[in-house]
Structure formats: C-alpha cells, structure tokens
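> Please see the structure below; I have some questions.
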Amino acid sequence: MKIDINPFLTNGYISKQYFCDREYELSVLSKNVKNDINTTLISARRLGKSALIYRLFEDLEYRGYACIYVDIYACSHLKDFTETLALSIFNSFPQKRGIGQRFLDYLKHFRPVITYDSLNGQPEIHFEFSQPKEYEHTLRNLLHFLDNQNMEVVLAIDEFQEVARFPEKNVEALLRTIIQTLKHTQFIFSGSKKHLMLDMFNTANRPFFSSTQMMGLAEIPSEKYKAFIREKFAESKRNIDDEAIDFILSWTLSHTYYTQIICNGVFAMGKKNTTIEQVKQVCEEQLFLQQITFMQYRRLLSPIQWQLLLAIAKEEFVIEPQAHGFLHKNKVGAASSAQKALSALLDKEMIFSIETTEKTAYRVYNVFLMRWLQRTF
Ligand SMILES: Nc1ncnc2c1ncn2[C@@H]1O[C@H](COP(=O)(O)OP(=O)(O)OP(=O)(O)O)[C@@H](O)[C@H]1O
Ligand SMILES: [Mg+2]
C-alpha cells in the first residue's frame, strides 16, 4: 500500500516532486558545472541552500556525474574536515563494487578507524596521525583519488565559512592549491554566514579571492510558491483558498523553512478545503509550541538588546535602526549603545541584514520569533 507523505518537507530533500521552483538558480549551477566554473552559494539560514544542492545533484546524477555533499558545520579542525570528507566519499558510493570498493582499498593506506554508531548504525571514520602534515597529505590524496576515477565529480562543501575558523591558518590556501590541480572536479561552496563567506571570496589577499562565481539565494517568488502550494494540495484532491495561501506567504515572509512548516501543519489537518482560519490556527499553534524557547531569549539578552530586538520585530524591516526617531519611539536608548546592541544581535544571529545597492535593512532572523514578539509585547 502506498503511504501518502506530507508533501511539505520540513527537513532534508526527497526528490524534485517536493521541491519548488529555483529554476533560474538550477540553470546557473548546472551551466557552471558544465563550464568548469566553481560556484559560491550564499543565503540566510533556512532559505534552501542545502535542498537546492540536492536538487541539482538529482539532475547531475541522472547525467552521470558523481556528486558528493560534505557538510562541515560541525568541523572545527583540519582533522575533522579530512575525516568528514572521507566519510562523505565513503557514503556516496556503494562499497562492494566499483569506486566504492576502490575507495575503501585506497583508504586503508591511511589506516583509518572505521566504527559504526551503536544507535543509528551510521559509519564514522577517524584518522589518528601524530603529525598535522599528515592530515594535509591525506586531504590532498582523497581529492586526487576522486579526480582520477574517470568520471566528472561535483563536490559541494556546505557551511564552508567554517574553514576560516580552523586553528590551522593554512587550510584555505591548502584547499585552493589542491583545487587548482584537479581536472575533473567542480566545487560548490555554500554558507549562511554572509560576511565570513564574502570575506573569503572577495578579499584580495585571501586564497579564494575571485575564484568562483558568487550566487545569492533569495526567497522563492510568491507566485511560484503559491502555485506550488496549490498544486500539492490539488494532487491530494484537496483545495486551499487563495487568501489562505496569501496569508501564509505574507506571515512567513516567504522564507522557505517557515513556509514549509506552516504548509506542513495545514496539510496535516487533512481538510478537504482549507481556509484562512485554519491557517491562522496552525500559525498560532507554532508560536505556542515555541514560546518556551522564545521566553529564554529575554533572559539571554541584555535589556537594550531585547528592547532593540522587540523594536525591529514590531517594524518588521528597519532601515536605520540608529536613527534618533526610531530609538526614541521604541525607547531603545542612546545611539552608541544601540549600535553595540545591533552588532551583538547580528553576531548572535537574532537579526540579519539585507543589503541592497542603496540601503541595509534589518529584520528578526527567526520569522516565528518575530511574529511571537509582535503578538506578545
Ligand atoms: N525549493 C524548495 N521547495 C520546497 N522546500 C524547500 C525548498 N528549499 C528548501 N526547502 C525546505 O526548506 C527547509 C530549509 O531548507 P534547507 O535546509 O535546504 O536550507 P538551508 O539554507 O540549507 O538552511 P541552513 O542554513 O540552516 O543549512 C528544508 O525543510 C527543505 O526541505
Ligand atoms: Mg543547509
């Protein structure tokens, strides 16, 4: 019996059937891969970078590319990075034949310790070298191994900005040097820490300077998202009112993750016909569920940071948070302390900035938190 899954994913990627739009971004990424251009993909958190990479991989794998996704968010040293890369390669190919078998044989040269998590059965790979140079050597060899397998390879390194924080200062230069020698491997570097990423790729004395095509990811256009939501309901022989969809997209600011959560909740109600009232109920439920977390923030922030966060939430988008009128109206305090609070909130990822050619706007990072602040205070 076929089990109907909720078509609004709130985690990971299944297939293009559950993926909305991004046609333009896909065509650029695809063109870059074909033309030996590496891409840097930057967006705010939870807008869909990882899902976009998986979506691209679905097409590329169909066309015969070997695609490897490496998430280095949890890596804090070159050692973790090398182990994570080895594990991602290990997990990308069936181990009993072809490249998978060759990789396993090759890996043995580095005397890895391969263990399996007792709870989820997932493999882990560890190298125990006494000399730091050996990790560099292993990293170089792993990438060269891949490059020499008679196939075109696409390697996506997600949360790439973490490399800049490694205590080993030469990793960027090392990677850049290795990458320049590869002939059959294209790279996608993605990350959500915009300033760290831009510094890495746009600063003249950094190794990756001007070495890739930059690509920013914005919200999915409302019309495209609207059609997708309507279509997913219709595929299950259900209807959702236009005003209900409009409400979702404006309430979530079309930010992908929050939109998916609300659509998932609305779909889960299982109604034949979904109205705006049901959508509002799901939105309320979300805020109620997360209230316990949101309450904590007040304790974790200084009074002025909290006041500024609240003020930004109330206005949704703020262009000049240091302006006297804004600070006065919202009882935030003096411009100098507001400036410090703004930097602290940006640092803590409580707010984020949206830069255009003329101005910088700020908004609360977590859309649910923003809605909760607007409603509660
Ligand atoms: N185009 C899309 N259509 C439908 N769902 C999407 C799309 N893009 C992303 N999603 C969903 O939105 C959620 C967030 O996406 P994803 O994890 O890819 O974002 P991200 O930018 O990589 O986030 P982070 O910065 O936290 O790593 C996931 O549940 C994903 O399934
Ligand atoms: Mg991601």
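Residues in the structure tokens are numbered from 1 in each chain, the chains being A, B, ... in the order shown, and ligands are numbered from 1 in the order shown.
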Show me a table, sorted first by chain and then by increasing residue number, of the residues of chain A having an atom at most 9 Å from ligand 1, each with its shortest atom pair and the distance in Å to one decimal, counting only C-alpha atoms and all ligand atoms and written as JSON lines.


{"residue": "A:Pro7", "atom": "CA", "partner": "ligand 1", "partner_atom_place_in_ligand_line": "4 (C)", "distance": 8.8}
{"residue": "A:Phe8", "atom": "CA", "partner": "ligand 1", "partner_atom_place_in_ligand_line": "5 (N)", "distance": 6.6}
{"residue": "A:Leu9", "atom": "CA", "partner": "ligand 1", "partner_atom_place_in_ligand_line": "31 (O)", "distance": 4.7}
{"residue": "A:Thr10", "atom": "CA", "partner": "ligand 1", "partner_atom_place_in_ligand_line": "29 (O)", "distance": 3.2}
{"residue": "A:Asn11", "atom": "CA", "partner": "ligand 1", "partner_atom_place_in_ligand_line": "29 (O)", "distance": 3.5}
{"residue": "A:Gly12", "atom": "CA", "partner": "ligand 1", "partner_atom_place_in_ligand_line": "31 (O)", "distance": 4.6}
{"residue": "A:Tyr13", "atom": "CA", "partner": "ligand 1", "partner_atom_place_in_ligand_line": "31 (O)", "distance": 5.2}
{"residue": "A:Ile14", "atom": "CA", "partner": "ligand 1", "partner_atom_place_in_ligand_line": "31 (O)", "distance": 8.1}
{"residue": "A:Lys16", "atom": "CA", "partner": "ligand 1", "partner_atom_place_in_ligand_line": "3 (N)", "distance": 8.3}
{"residue": "A:Tyr18", "atom": "CA", "partner": "ligand 1", "partner_atom_place_in_ligand_line": "4 (C)", "distance": 5.8}
{"residue": "A:Phe19", "atom": "CA", "partner": "ligand 1", "partner_atom_place_in_ligand_line": "3 (N)", "distance": 3.6}
{"residue": "A:Cys20", "atom": "CA", "partner": "ligand 1", "partner_atom_place_in_ligand_line": "3 (N)", "distance": 3.7}
{"residue": "A:Asp21", "atom": "CA", "partner": "ligand 1", "partner_atom_place_in_ligand_line": "1 (N)", "distance": 5.7}
{"residue": "A:Arg22", "atom": "CA", "partner": "ligand 1", "partner_atom_place_in_ligand_line": "1 (N)", "distance": 6.0}
{"residue": "A:Ile42", "atom": "CA", "partner": "ligand 1", "partner_atom_place_in_ligand_line": "21 (O)", "distance": 8.4}
{"residue": "A:Ser43", "atom": "CA", "partner": "ligand 1", "partner_atom_place_in_ligand_line": "21 (O)", "distance": 6.4}
{"residue": "A:Ala44", "atom": "CA", "partner": "ligand 1", "partner_atom_place_in_ligand_line": "25 (O)", "distance": 6.3}
{"residue": "A:Arg45", "atom": "CA", "partner": "ligand 1", "partner_atom_place_in_ligand_line": "25 (O)", "distance": 3.3}
{"residue": "A:Arg46", "atom": "CA", "partner": "ligand 1", "partner_atom_place_in_ligand_line": "23 (O)", "distance": 3.2}
{"residue": "A:Leu47", "atom": "CA", "partner": "ligand 1", "partner_atom_place_in_ligand_line": "21 (O)", "distance": 4.2}
{"residue": "A:Gly48", "atom": "CA", "partner": "ligand 1", "partner_atom_place_in_ligand_line": "19 (O)", "distance": 3.3}
{"residue": "A:Lys49", "atom": "CA", "partner": "ligand 1", "partner_atom_place_in_ligand_line": "21 (O)", "distance": 3.8}
{"residue": "A:Ser50", "atom": "CA", "partner": "ligand 1", "partner_atom_place_in_ligand_line": "18 (O)", "distance": 3.7}
{"residue": "A:Ala51", "atom": "CA", "partner": "ligand 1", "partner_atom_place_in_ligand_line": "18 (O)", "distance": 3.6}
{"residue": "A:Leu52", "atom": "CA", "partner": "ligand 1", "partner_atom_place_in_ligand_line": "8 (N)", "distance": 6.0}
{"residue": "A:Ile53", "atom": "CA", "partner": "ligand 1", "partner_atom_place_in_ligand_line": "18 (O)", "distance": 7.9}
{"residue": "A:Tyr54", "atom": "CA", "partner": "ligand 1", "partner_atom_place_in_ligand_line": "18 (O)", "distance": 8.4}
{"residue": "A:Arg55", "atom": "CA", "partner": "ligand 1", "partner_atom_place_in_ligand_line": "1 (N)", "distance": 8.4}
{"residue": "A:Asp71", "atom": "CA", "partner": "ligand 1", "partner_atom_place_in_ligand_line": "27 (O)", "distance": 9.0}
{"residue": "A:Tyr73", "atom": "CA", "partner": "ligand 1", "partner_atom_place_in_ligand_line": "27 (O)", "distance": 8.7}
{"residue": "A:Asp158", "atom": "CA", "partner": "ligand 1", "partner_atom_place_in_ligand_line": "27 (O)", "distance": 7.8}
{"residue": "A:Glu159", "atom": "CA", "partner": "ligand 1", "partner_atom_place_in_ligand_line": "27 (O)", "distance": 7.4}
{"residue": "A:Ser190", "atom": "CA", "partner": "ligand 1", "partner_atom_place_in_ligand_line": "22 (O)", "distance": 8.6}
{"residue": "A:Gly191", "atom": "CA", "partner": "ligand 1", "partner_atom_place_in_ligand_line": "25 (O)", "distance": 6.9}
{"residue": "A:Ser192", "atom": "CA", "partner": "ligand 1", "partner_atom_place_in_ligand_line": "25 (O)", "distance": 5.3}
{"residue": "A:Lys193", "atom": "CA", "partner": "ligand 1", "partner_atom_place_in_ligand_line": "25 (O)", "distance": 8.6}
{"residue": "A:Leu217", "atom": "CA", "partner": "ligand 1", "partner_atom_place_in_ligand_line": "21 (O)", "distance": 8.6}
{"residue": "A:Ile220", "atom": "CA", "partner": "ligand 1", "partner_atom_place_in_ligand_line": "1 (N)", "distance": 7.1}
{"residue": "A:Tyr225", "atom": "CA", "partner": "ligand 1", "partner_atom_place_in_ligand_line": "3 (N)", "distance": 8.1}
{"residue": "A:Phe228", "atom": "CA", "partner": "ligand 1", "partner_atom_place_in_ligand_line": "3 (N)", "distance": 8.4}
{"residue": "A:His255", "atom": "CA", "partner": "ligand 1", "partner_atom_place_in_ligand_line": "12 (O)", "distance": 8.5}
{"residue": "A:Thr256", "atom": "CA", "partner": "ligand 1", "partner_atom_place_in_ligand_line": "12 (O)", "distance": 5.0}
{"residue": "A:Tyr257", "atom": "CA", "partner": "ligand 1", "partner_atom_place_in_ligand_line": "12 (O)", "distance": 4.0}
{"residue": "A:Tyr258", "atom": "CA", "partner": "ligand 1", "partner_atom_place_in_ligand_line": "12 (O)", "distance": 7.7}
{"residue": "A:Thr259", "atom": "CA", "partner": "ligand 1", "partner_atom_place_in_ligand_line": "12 (O)", "distance": 7.9}
{"residue": "A:Gln260", "atom": "CA", "partner": "ligand 1", "partner_atom_place_in_ligand_line": "12 (O)", "distance": 6.1}
{"residue": "A:Ile261", "atom": "CA", "partner": "ligand 1", "partner_atom_place_in_ligand_line": "29 (O)", "distance": 7.8}

> Using N, CA and C atoms, can you export the residues from the last selection as a short mmCIF file (atom, residue, chain, number, x, y, z; two decimals), in the first residue's frame?


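Output (selection.cif):
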data_model
loop_
_atom_site.label_atom_id
_atom_site.label_comp_id
_atom_site.auth_asym_id
_atom_site.auth_seq_id
_atom_site.Cartn_x
_atom_site.Cartn_y
_atom_site.Cartn_z
N PRO A 7 3.49 16.45 1.62
CA PRO A 7 4.36 16.95 0.53
C PRO A 7 5.18 18.19 0.91
N PHE A 8 4.96 18.72 2.09
CA PHE A 8 5.72 19.92 2.51
C PHE A 8 6.80 19.48 3.50
N LEU A 9 7.99 19.29 2.96
CA LEU A 9 9.10 18.78 3.78
C LEU A 9 9.61 19.88 4.70
N THR A 10 9.95 19.48 5.90
CA THR A 10 10.49 20.47 6.84
C THR A 10 11.92 20.09 7.21
N ASN A 11 12.43 19.15 6.49
CA ASN A 11 13.75 18.60 6.77
C ASN A 11 14.25 17.91 5.51
N GLY A 12 15.46 18.20 5.11
CA GLY A 12 16.10 17.43 4.05
C GLY A 12 15.45 17.53 2.68
N TYR A 13 15.72 16.50 1.88
CA TYR A 13 15.31 16.51 0.48
C TYR A 13 14.91 15.10 0.08
N ILE A 14 13.83 14.96 -0.66
CA ILE A 14 13.47 13.62 -1.16
C ILE A 14 13.63 13.57 -2.67
N LYS A 16 12.56 15.95 -6.63
CA LYS A 16 12.09 17.23 -7.19
C LYS A 16 10.57 17.40 -7.09
N TYR A 18 8.88 17.35 -4.56
CA TYR A 18 8.56 18.14 -3.36
C TYR A 18 9.36 19.44 -3.30
N PHE A 19 9.86 19.83 -4.43
CA PHE A 19 10.77 20.97 -4.46
C PHE A 19 10.18 22.07 -5.33
N CYS A 20 10.15 23.27 -4.80
CA CYS A 20 9.50 24.38 -5.51
C CYS A 20 10.52 25.25 -6.25
N ASP A 21 10.27 25.46 -7.50
CA ASP A 21 11.00 26.46 -8.32
C ASP A 21 12.52 26.34 -8.29
N ARG A 22 13.20 27.46 -8.10
CA ARG A 22 14.66 27.58 -8.17
C ARG A 22 15.18 27.21 -9.56
N ILE A 42 25.40 31.71 -1.36
CA ILE A 42 25.24 32.33 -0.04
C ILE A 42 23.77 32.70 0.18
N SER A 43 23.26 32.39 1.35
CA SER A 43 21.93 32.91 1.70
C SER A 43 21.76 32.88 3.20
N ALA A 44 20.72 33.56 3.66
CA ALA A 44 20.36 33.48 5.08
C ALA A 44 20.05 32.02 5.40
N ARG A 45 20.05 31.70 6.68
CA ARG A 45 19.76 30.32 7.07
C ARG A 45 18.35 29.93 6.65
N ARG A 46 18.23 28.68 6.35
CA ARG A 46 16.93 28.05 6.09
C ARG A 46 16.14 28.61 4.91
N LEU A 47 16.88 29.15 3.96
CA LEU A 47 16.19 29.59 2.74
C LEU A 47 16.21 28.48 1.69
N GLY A 48 17.11 27.49 1.89
CA GLY A 48 17.08 26.37 0.95
C GLY A 48 18.37 26.11 0.19
N LYS A 49 19.51 26.45 0.78
CA LYS A 49 20.78 26.17 0.08
C LYS A 49 21.01 24.67 -0.06
N SER A 50 20.89 23.96 1.06
CA SER A 50 21.20 22.52 1.02
C SER A 50 20.23 21.80 0.08
N ALA A 51 18.93 22.15 0.21
CA ALA A 51 17.94 21.49 -0.65
C ALA A 51 18.24 21.78 -2.13
N LEU A 52 18.66 23.01 -2.42
CA LEU A 52 18.99 23.35 -3.80
C LEU A 52 20.15 22.50 -4.32
N ILE A 53 21.13 22.27 -3.46
CA ILE A 53 22.28 21.45 -3.88
C ILE A 53 21.81 20.01 -4.15
N TYR A 54 20.97 19.49 -3.27
CA TYR A 54 20.46 18.13 -3.50
C TYR A 54 19.62 18.05 -4.77
N ARG A 55 18.85 19.13 -5.00
CA ARG A 55 18.02 19.17 -6.22
C ARG A 55 18.91 19.16 -7.46
N ASP A 71 29.00 18.34 4.59
CA ASP A 71 28.56 19.41 5.48
C ASP A 71 29.61 19.55 6.58
N TYR A 73 29.68 21.88 9.00
CA TYR A 73 29.22 22.75 10.09
C TYR A 73 29.84 22.36 11.43
N ASP A 158 29.26 22.38 2.18
CA ASP A 158 28.26 23.23 2.82
C ASP A 158 28.81 23.79 4.11
N GLU A 159 28.41 25.02 4.43
CA GLU A 159 28.90 25.74 5.62
C GLU A 159 30.43 25.94 5.51
N SER A 190 29.05 26.52 -0.15
CA SER A 190 27.88 27.27 0.29
C SER A 190 28.00 27.61 1.77
N GLY A 191 27.27 28.64 2.15
CA GLY A 191 27.34 29.06 3.54
C GLY A 191 26.31 30.12 3.87
N SER A 192 26.02 30.23 5.15
CA SER A 192 24.99 31.19 5.57
C SER A 192 25.59 32.38 6.33
N LYS A 193 26.86 32.28 6.71
CA LYS A 193 27.46 33.42 7.41
C LYS A 193 28.01 34.35 6.33
N LEU A 217 21.11 33.55 -2.75
CA LEU A 217 19.80 32.91 -2.85
C LEU A 217 18.80 33.77 -2.08
N ILE A 220 11.88 32.37 -2.50
CA ILE A 220 11.21 31.89 -3.72
C ILE A 220 10.13 32.92 -4.07
N TYR A 225 5.70 30.11 -5.42
CA TYR A 225 5.40 29.36 -4.19
C TYR A 225 3.89 29.09 -4.10
N PHE A 228 2.92 26.29 -6.31
CA PHE A 228 3.42 25.03 -5.75
C PHE A 228 2.50 24.54 -4.62
N HIS A 255 9.80 33.04 3.61
CA HIS A 255 11.06 32.38 3.98
C HIS A 255 10.81 30.87 3.95
N THR A 256 11.60 30.15 3.18
CA THR A 256 11.27 28.77 2.82
C THR A 256 10.92 27.87 4.02
N TYR A 257 11.82 27.81 4.97
CA TYR A 257 11.62 26.88 6.09
C TYR A 257 10.30 27.15 6.82
N TYR A 258 10.03 28.44 7.11
CA TYR A 258 8.84 28.77 7.89
C TYR A 258 7.58 28.50 7.06
N THR A 259 7.70 28.75 5.76
CA THR A 259 6.57 28.48 4.87
C THR A 259 6.28 26.97 4.84
N GLN A 260 7.36 26.20 4.78
CA GLN A 260 7.19 24.73 4.74
C GLN A 260 6.54 24.23 6.03
N ILE A 261 6.98 24.79 7.17
CA ILE A 261 6.43 24.35 8.46
C ILE A 261 4.92 24.62 8.51
#

> For Thr82 in chain A, list every protein, DNA or RNA residue within 10 Å, evaluated using only C-alpha atoms, and leave out those in the same chain fewer than 6 positions away; present the list as JSON, numbers by chain.

{"A": [72, 75, 88, 125, 126, 127, 135, 136, 137, 138, 139, 140, 142]}

> Take the residues from that selection and write them out as a compact mmCIF listing (two decimals), in the first residue's frame, keeping C-alpha atoms.


# COMPACT_ATOMS: atom_id res chain seq x y z
CA ILE A 72 31.36 20.83 7.60
CA CYS A 75 34.10 20.67 11.88
CA SER A 88 31.15 11.72 2.66
CA ILE A 125 35.86 7.47 10.06
CA HIS A 126 38.80 8.58 12.19
CA PHE A 127 42.43 9.12 11.35
CA TYR A 135 46.13 15.43 7.53
CA GLU A 136 47.11 17.82 4.74
CA HIS A 137 48.62 14.96 2.83
CA THR A 138 45.50 12.83 3.31
CA LEU A 139 43.17 15.64 2.24
CA ARG A 140 45.21 16.15 -0.93
CA LEU A 142 41.50 11.98 -1.11

> Could you work out how far CA of Tyr106 in chain A lies from CA of Lys133 in chain A, giving the answer in Å with one decimal?

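Atom-to-atom, CA of Lys133 in chain A and CA of Tyr106 in chain A are spaced 18.8 Å apart.
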
> Looking at A:Phe81, A:Tyr116, A:Phe294, A:Phe160, which one is nearest to ligand 2, with distances taken over only C-alpha atoms and all ligand atoms?

A:Phe160

> Apply DSSP to the structure's backbone, then extract all residues of range 54-187 of chain A labelled alpha helix (DSSP H) and return them as a PyMOL selection string.

chain A and resi 54-62+78-92+98-107+132-147+171-181

> Go ahead and compute the interatomic distance for CA of Asp241 in chain A and CA of Glu285 in chain A, in Å to one decimal.

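Separating CA of Asp241 in chain A from CA of Glu285 in chain A is a distance of 20.0 Å.
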
> Please identify all polymer residues within 8 Å of range 242-253 of chain A, counting only C-alpha atoms, omitting same-chain residues fewer than 4 positions from it, and present them as an MDAnalysis selection string.

chainID A and resid 222 226 229:230 258:259 262:263 274:277 279 367:368 371

> Would you kindly return, as number ranges by chain, each protein, DNA or RNA residue with an atom no farther than 12 Å from any atom of Leu104 in chain A, considering only C-alpha atoms and excluding same-chain residues fewer than 3 positions away?

A: 86-87, 89-101, 107-114, 125, 142, 145

> Report as a list in words all protein, DNA and RNA residues lying within 12 Å of Asp347 in chain A, evaluated on only C-alpha atoms, omitting residues in the same chain fewer than 2 positions from it.

Lys193, Lys194, His195, Leu196, Gln305, Lys340, Ala341, Leu342, Ser343, Ala344, Leu345, Glu349, Met350, Ile351, Phe352, Ser353 and Tyr365 of chain A

> Atoms to include: N, CA and C atoms. Write the selected residues as a short mmCIF file (atom, residue, chain, number, x, y, z; two decimals), in the first residue's frame.


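See result-v5.cif below for the written result:
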data_model
loop_
_atom_site.label_atom_id
_atom_site.label_comp_id
_atom_site.auth_asym_id
_atom_site.auth_seq_id
_atom_site.Cartn_x
_atom_site.Cartn_y
_atom_site.Cartn_z
N LYS A 193 26.86 32.28 6.71
CA LYS A 193 27.46 33.42 7.41
C LYS A 193 28.01 34.35 6.33
N LYS A 194 27.12 35.24 5.92
CA LYS A 194 27.38 36.06 4.73
C LYS A 194 28.72 36.80 4.78
N HIS A 195 28.98 37.45 5.93
CA HIS A 195 30.20 38.26 5.98
C HIS A 195 31.46 37.41 5.93
N LEU A 196 31.43 36.29 6.62
CA LEU A 196 32.59 35.40 6.57
C LEU A 196 32.80 34.87 5.16
N GLN A 305 19.51 45.07 24.27
CA GLN A 305 19.43 44.16 23.11
C GLN A 305 17.98 43.68 22.93
N LYS A 340 25.96 49.10 19.57
CA LYS A 340 26.58 47.90 20.16
C LYS A 340 25.58 46.76 20.23
N ALA A 341 24.36 47.10 20.62
CA ALA A 341 23.32 46.08 20.73
C ALA A 341 23.02 45.48 19.36
N LEU A 342 23.02 46.33 18.33
CA LEU A 342 22.76 45.87 16.96
C LEU A 342 23.84 44.86 16.54
N SER A 343 25.10 45.21 16.82
CA SER A 343 26.20 44.28 16.46
C SER A 343 26.05 42.96 17.21
N ALA A 344 25.68 43.07 18.51
CA ALA A 344 25.54 41.84 19.30
C ALA A 344 24.41 40.97 18.74
N LEU A 345 23.31 41.60 18.36
CA LEU A 345 22.17 40.83 17.83
C LEU A 345 22.52 40.18 16.48
N GLU A 349 23.02 36.08 15.66
CA GLU A 349 22.05 35.66 14.64
C GLU A 349 20.61 35.78 15.11
N MET A 350 20.36 36.80 15.93
CA MET A 350 18.97 37.09 16.31
C MET A 350 18.33 37.97 15.23
N ILE A 351 19.16 38.79 14.59
CA ILE A 351 18.66 39.58 13.45
C ILE A 351 19.62 39.38 12.28
N PHE A 352 19.17 39.70 11.09
CA PHE A 352 20.12 39.68 9.98
C PHE A 352 19.89 40.87 9.06
N SER A 353 20.91 41.17 8.29
CA SER A 353 20.83 42.36 7.45
C SER A 353 20.59 41.96 6.00
N TYR A 365 15.77 37.38 12.60
CA TYR A 365 16.18 36.22 11.78
C TYR A 365 15.07 35.16 11.73
#

> DSSP on the backbone, strand (DSSP E) only: what residues of range 106-259 of chain A does that give? Format it as a list in words.

Val113, Ile114, Thr115, Tyr116, Pro123, Glu124, Ile125, His126, Val153, Val154, Leu155, Ala156, Ile157, Asp158, Thr185, Gln186, Phe187, Ile188, Phe189, Ser190, Gly191, Gln213, Met214, Met215, Gly216, Asn239 and Ile240 of chain A

> Rounded to one decimal in Å, what is the spacing between CA of Phe166 in chain A and CA of Ser76 in chain A?

5.5 Å

> Which residues come within 9 Å of Leu174 in chain A, counting only C-alpha atoms, excluding same-chain residues fewer than 3 positions away, as an NGL selection string?

:A and (136 or 140 or 170-171 or 177-179 or 207)

> Write the residues of the preceding selection, restricted to C-alpha atoms, as a CSV table (one decimal), in the first residue's frame.


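selection_29.csv, written as the output of this step:
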chain,number,residue,atom,x,y,z
A,136,GLU,CA,47.1,17.8,4.7
A,140,ARG,CA,45.2,16.2,-0.9
A,170,ASN,CA,46.8,27.5,6.1
A,171,VAL,CA,43.7,25.4,5.2
A,177,THR,CA,46.1,24.9,-4.2
A,178,ILE,CA,44.7,21.4,-4.3
A,179,ILE,CA,41.6,22.5,-6.2
A,207,PRO,CA,43.4,32.4,-1.3
